[in-house]
Amino acid sequence: MTKAAVRAHTNIALIKYWGKADETLFLPMNSSLSLTLDGLYTDTFVEISDTFTEDQFYLNDVLQSPEETAKISRFLDLFRNKAGITHFIQVKSINHVPTAAGLASSASAFAALAGAMNRATGLNMDLETLSTYARRGSGSATRSLFGGFVEWQKGTSSEDSMAVPVDDASWDIGMVIIAVNKSAKKISSRIGMKQTVETSPFYPAWVASAEEDLLAIKKAIKARDFEKVGQITEHSAMKMHGSMLGAETPIIYFEPDSIKAIHAVRALREQGILCYVTMDAGPNVKVLCRLSEAGKIKEMLREYFSEEQLLISGPGQGIRPLTA
Ligand code: 2P0
């Protein structure tokens, strides 16, 4: 096969990945665990042909710059080298991550591209092995190969730093995304992580507690103890941001509306609604909740945020081929 099309969904980490042990190979300092989200995905089409004279990368039907394309070419090289091919490749990606969601799409983008290249080259690697390739595009892409709750085991080398499925999250799990600010983040994850690892005195504590949290959340998922899953999730995000606040200079992704969202969720909890916040390398707040309560939570959050700022998602599936 020289053509293939694959869909991959984005994911939100409950136990965060923050810090690289190897910046070239994208090996993380700690293992992480995420929830793949329905409704937020990337469709990627690749074609390998000896008629192409260069790699081409279209994003949402727009041909990308040589700089953007060079990043993709380096990623494609991993597959070309493995498959022993030298042909140029055309990549067309369509992001179905609503702009209003204010979410980065590198996780779904590199997972979809890895999936499409796996098929187009005929390599047909299993998903765990393929996740070690997706990782080389963006760390969080490792986890988007699978649906539901997914663990990214940090491993000991490029070959075993991979994703494994944990649970399909089909037990009334959902998220309400609060798009506080959808403009591009000021400090990239790559830079933010590096600065935290190198300068924050809290960083070793982050790594140690992330490993403990991972064991605890897997136990809670197995027991379907939603309250425990939520508590560990919120604590993990706050500890990650705490490690950043200790960096020199401090990295602050919080905006006034992020804090407003955190307090609004606390107020909902005081009313007996089980919901918990998590935040990534940006000001947006994601609320882990029962999917059956997401509509009610969204309505309550409308007191502070507009309709366009609030998006509900259930658990998403892993990567899959597109036939059309
Ligand atoms: C995560 N984040 O676990 C963490 C939590 C943001 C905060 O993975 O440098 O785009 O490409 O590996 O994966 C976002 O960073 O960074 C991220 P790279 P990535 O989801």
# chains A, B, ... in the order shown; residues from 1 in each chain; ligands from 1
call {"tool": "residues_around", "arguments": {"residues": "Ala163 of chain A", "least_positions_apart": "5", "cutoff": "6 Å", "atoms": "only C-alpha atoms", "output": "PyMOL selection string"}}
result
chain A and resi 128+131+142-143+151-152
call {"tool": "write_last_selection", "arguments": {"atoms": "C-alpha atoms", "output": "compact mmCIF listing (two decimals), in the first residue's frame"}}
result
# COMPACT_ATOMS: atom_id res chain seq x y z
CA GLU A 128 2.64 -0.52 21.30
CA SER A 131 3.64 4.33 19.91
CA THR A 142 2.55 8.29 22.39
CA ARG A 143 -0.68 7.95 24.36
CA GLU A 151 -0.41 4.63 30.30
CA TRP A 152 2.84 5.84 28.75
call {"tool": "residues_near_ligand", "arguments": {"ligand": "ligand 1", "cutoff": "9 Å", "atoms": "only C-alpha atoms and all ligand atoms", "output": "short mmCIF file (atom, residue, chain, number, x, y, z; two decimals) with C-alpha atoms, in the first residue's frame"}}
result
data_model
loop_
_atom_site.label_atom_id
_atom_site.label_comp_id
_atom_site.auth_asym_id
_atom_site.auth_seq_id
_atom_site.Cartn_x
_atom_site.Cartn_y
_atom_site.Cartn_z
CA ASN A 11 -5.75 12.97 24.91
CA ILE A 12 -5.55 14.79 28.22
CA ALA A 13 -3.11 13.54 30.85
CA LEU A 14 -4.44 12.79 34.34
CA ILE A 15 -0.93 11.96 35.54
CA LYS A 16 1.16 14.48 33.63
CA TYR A 17 4.29 14.04 31.56
CA TRP A 18 6.60 16.91 32.47
CA GLY A 19 10.30 16.72 31.71
CA LYS A 20 12.51 14.86 29.29
CA GLU A 23 15.36 15.53 24.33
CA PHE A 26 11.59 12.17 23.64
CA LEU A 27 12.22 9.91 26.62
CA PRO A 28 10.25 11.23 29.62
CA SER A 32 2.11 9.30 32.62
CA LEU A 33 -1.55 8.33 32.17
CA SER A 34 -4.22 9.95 30.03
CA ALA A 104 -2.86 21.80 21.15
CA SER A 105 -3.27 19.11 18.55
CA SER A 106 0.25 17.65 18.40
CA ALA A 107 -0.89 14.49 20.21
CA ARG A 135 6.59 9.56 20.64
CA ARG A 136 9.38 10.91 18.42
CA GLY A 137 6.94 13.48 17.00
CA SER A 138 5.57 14.66 20.35
CA GLY A 139 5.62 13.01 23.75
CA SER A 140 1.89 13.21 24.31
CA ALA A 141 1.25 11.56 20.90
CA THR A 142 2.55 8.29 22.39
CA ARG A 143 -0.68 7.95 24.36
CA SER A 188 6.19 25.93 24.61
CA SER A 189 6.04 22.65 26.54
CA ARG A 190 9.53 21.84 25.30
CA ILE A 191 11.03 25.01 26.74
CA MET A 193 9.90 21.35 30.67
CA ALA A 237 -1.83 18.77 37.76
CA MET A 240 3.20 19.78 37.99
CA HIS A 241 2.36 23.49 38.02
CA MET A 279 -4.43 21.93 33.38
CA ASP A 280 -1.64 21.53 30.85
CA ALA A 281 0.98 23.88 29.47
CA GLY A 282 -1.55 26.65 28.96
#
call {"tool": "closest_atom_pairs", "arguments": {"of": "segment 166-196 of chain A", "to": "segment 285-296 of chain A", "cutoff": "6 Å", "atoms": "only C-alpha atoms", "output": "Markdown table"}}
result
| residue | atom | partner | partner_atom | distance |
| --- | --- | --- | --- | --- |
| A:Asp172 | CA | A:Leu291 | CA | 5.1 |
| A:Ile173 | CA | A:Arg290 | CA | 4.7 |
| A:Gly174 | CA | A:Leu291 | CA | 4.1 |
| A:Met175 | CA | A:Leu288 | CA | 4.7 |
| A:Val176 | CA | A:Val287 | CA | 5.0 |
| A:Ile177 | CA | A:Lys286 | CA | 4.4 |
| A:Ile178 | CA | A:Val285 | CA | 5.1 |
call {"tool": "write_last_selection", "arguments": {"atoms": "N, CA and C atoms", "output": "compact mmCIF listing (two decimals), in the first residue's frame"}}
result
# COMPACT_ATOMS: atom_id res chain seq x y z
N ASP A 172 -18.91 5.79 32.52
CA ASP A 172 -19.46 7.12 32.82
C ASP A 172 -18.36 8.14 33.14
N ILE A 173 -17.39 8.23 32.25
CA ILE A 173 -16.26 9.15 32.40
C ILE A 173 -16.36 10.21 31.31
N GLY A 174 -16.17 11.47 31.68
CA GLY A 174 -16.21 12.53 30.68
C GLY A 174 -15.35 13.72 31.07
N MET A 175 -15.33 14.71 30.20
CA MET A 175 -14.59 15.93 30.48
C MET A 175 -15.36 17.14 29.99
N VAL A 176 -15.28 18.23 30.75
CA VAL A 176 -15.76 19.52 30.26
C VAL A 176 -14.52 20.38 30.09
N ILE A 177 -14.30 20.84 28.87
CA ILE A 177 -13.13 21.66 28.58
C ILE A 177 -13.54 23.13 28.69
N ILE A 178 -12.80 23.87 29.49
CA ILE A 178 -13.06 25.31 29.63
C ILE A 178 -11.95 26.05 28.88
call {"tool": "atom_distance", "arguments": {"atom1": "atom CA of Ile312 of chain A", "atom2": "atom CA of Gly39 of chain A"}}
result
8.9 Å
call {"tool": "residues_around", "arguments": {"residues": "segment 250-256 of chain A", "least_positions_apart": "4", "cutoff": "7 Å", "atoms": "only C-alpha atoms", "output": "list in words"}}
result
Gly192, Met244, Leu245, Gly246, Lys260, Ala281, Gly282 and Pro283 of chain A
call {"tool": "write_last_selection", "arguments": {"atoms": "N, CA and C atoms", "output": "PDB file, in the first residue's frame"}}
result
ATOM      1  N   GLY A 192       9.351  24.929  28.496  1.00  0.00           N
ATOM      2  CA  GLY A 192       8.876  24.928  29.891  1.00  0.00           C
ATOM      3  C   GLY A 192       9.409  23.728  30.664  1.00  0.00           C
ATOM      4  N   MET A 244       6.716  23.955  38.211  1.00  0.00           N
ATOM      5  CA  MET A 244       7.026  25.052  37.276  1.00  0.00           C
ATOM      6  C   MET A 244       7.202  26.383  38.016  1.00  0.00           C
ATOM      7  N   LEU A 245       6.391  26.565  39.054  1.00  0.00           N
ATOM      8  CA  LEU A 245       6.487  27.829  39.803  1.00  0.00           C
ATOM      9  C   LEU A 245       7.841  27.949  40.501  1.00  0.00           C
ATOM     10  N   GLY A 246       8.474  26.785  40.727  1.00  0.00           N
ATOM     11  CA  GLY A 246       9.792  26.794  41.363  1.00  0.00           C
ATOM     12  C   GLY A 246      10.928  27.023  40.380  1.00  0.00           C
ATOM     13  N   LYS A 260     -10.380  31.297  38.293  1.00  0.00           N
ATOM     14  CA  LYS A 260     -11.839  31.385  38.441  1.00  0.00           C
ATOM     15  C   LYS A 260     -12.461  30.002  38.191  1.00  0.00           C
ATOM     16  N   ALA A 281       0.029  22.772  29.623  1.00  0.00           N
ATOM     17  CA  ALA A 281       0.977  23.883  29.466  1.00  0.00           C
ATOM     18  C   ALA A 281       0.276  25.076  28.819  1.00  0.00           C
ATOM     19  N   GLY A 282      -0.774  25.537  29.458  1.00  0.00           N
ATOM     20  CA  GLY A 282      -1.552  26.654  28.959  1.00  0.00           C
ATOM     21  C   GLY A 282      -2.619  26.987  29.979  1.00  0.00           C
ATOM     22  N   PRO A 283      -3.408  28.028  29.739  1.00  0.00           N
ATOM     23  CA  PRO A 283      -4.358  28.515  30.741  1.00  0.00           C
ATOM     24  C   PRO A 283      -5.699  27.761  30.781  1.00  0.00           C
TER      25      PRO A 283
END
call {"tool": "closest_residue", "arguments": {"among": "A:Ile259, A:Val229, A:Phe202, A:Ser183", "to": "Gly242 of chain A", "atoms": "only C-alpha atoms"}}
result
A:Phe202
call {"tool": "select_by_dssp", "arguments": {"residues": "segment 117-227 of chain A", "states": "strand (DSSP E)", "output": "list in words"}}
result
Phe149, Val150, Glu151, Trp152, Gln153, Met162, Ala163, Val164, Pro165, Val166, Asp167, Gly174, Met175, Val176, Ile177 and Ile178 of chain A
call {"tool": "closest_residue", "arguments": {"among": "A:Val150, A:Leu59, A:Ala169, A:Leu103", "to": "Gly314 of chain A", "atoms": "only C-alpha atoms"}}
result
A:Ala169
call {"tool": "residues_around", "arguments": {"residues": "Trp206 of chain A", "least_positions_apart": "2", "cutoff": "9 Å", "atoms": "only C-alpha atoms", "output": "JSON, numbers by chain"}}
result
{"A": [18, 30, 202, 203, 204, 208, 209, 210, 211, 236, 239, 240, 242, 243]}
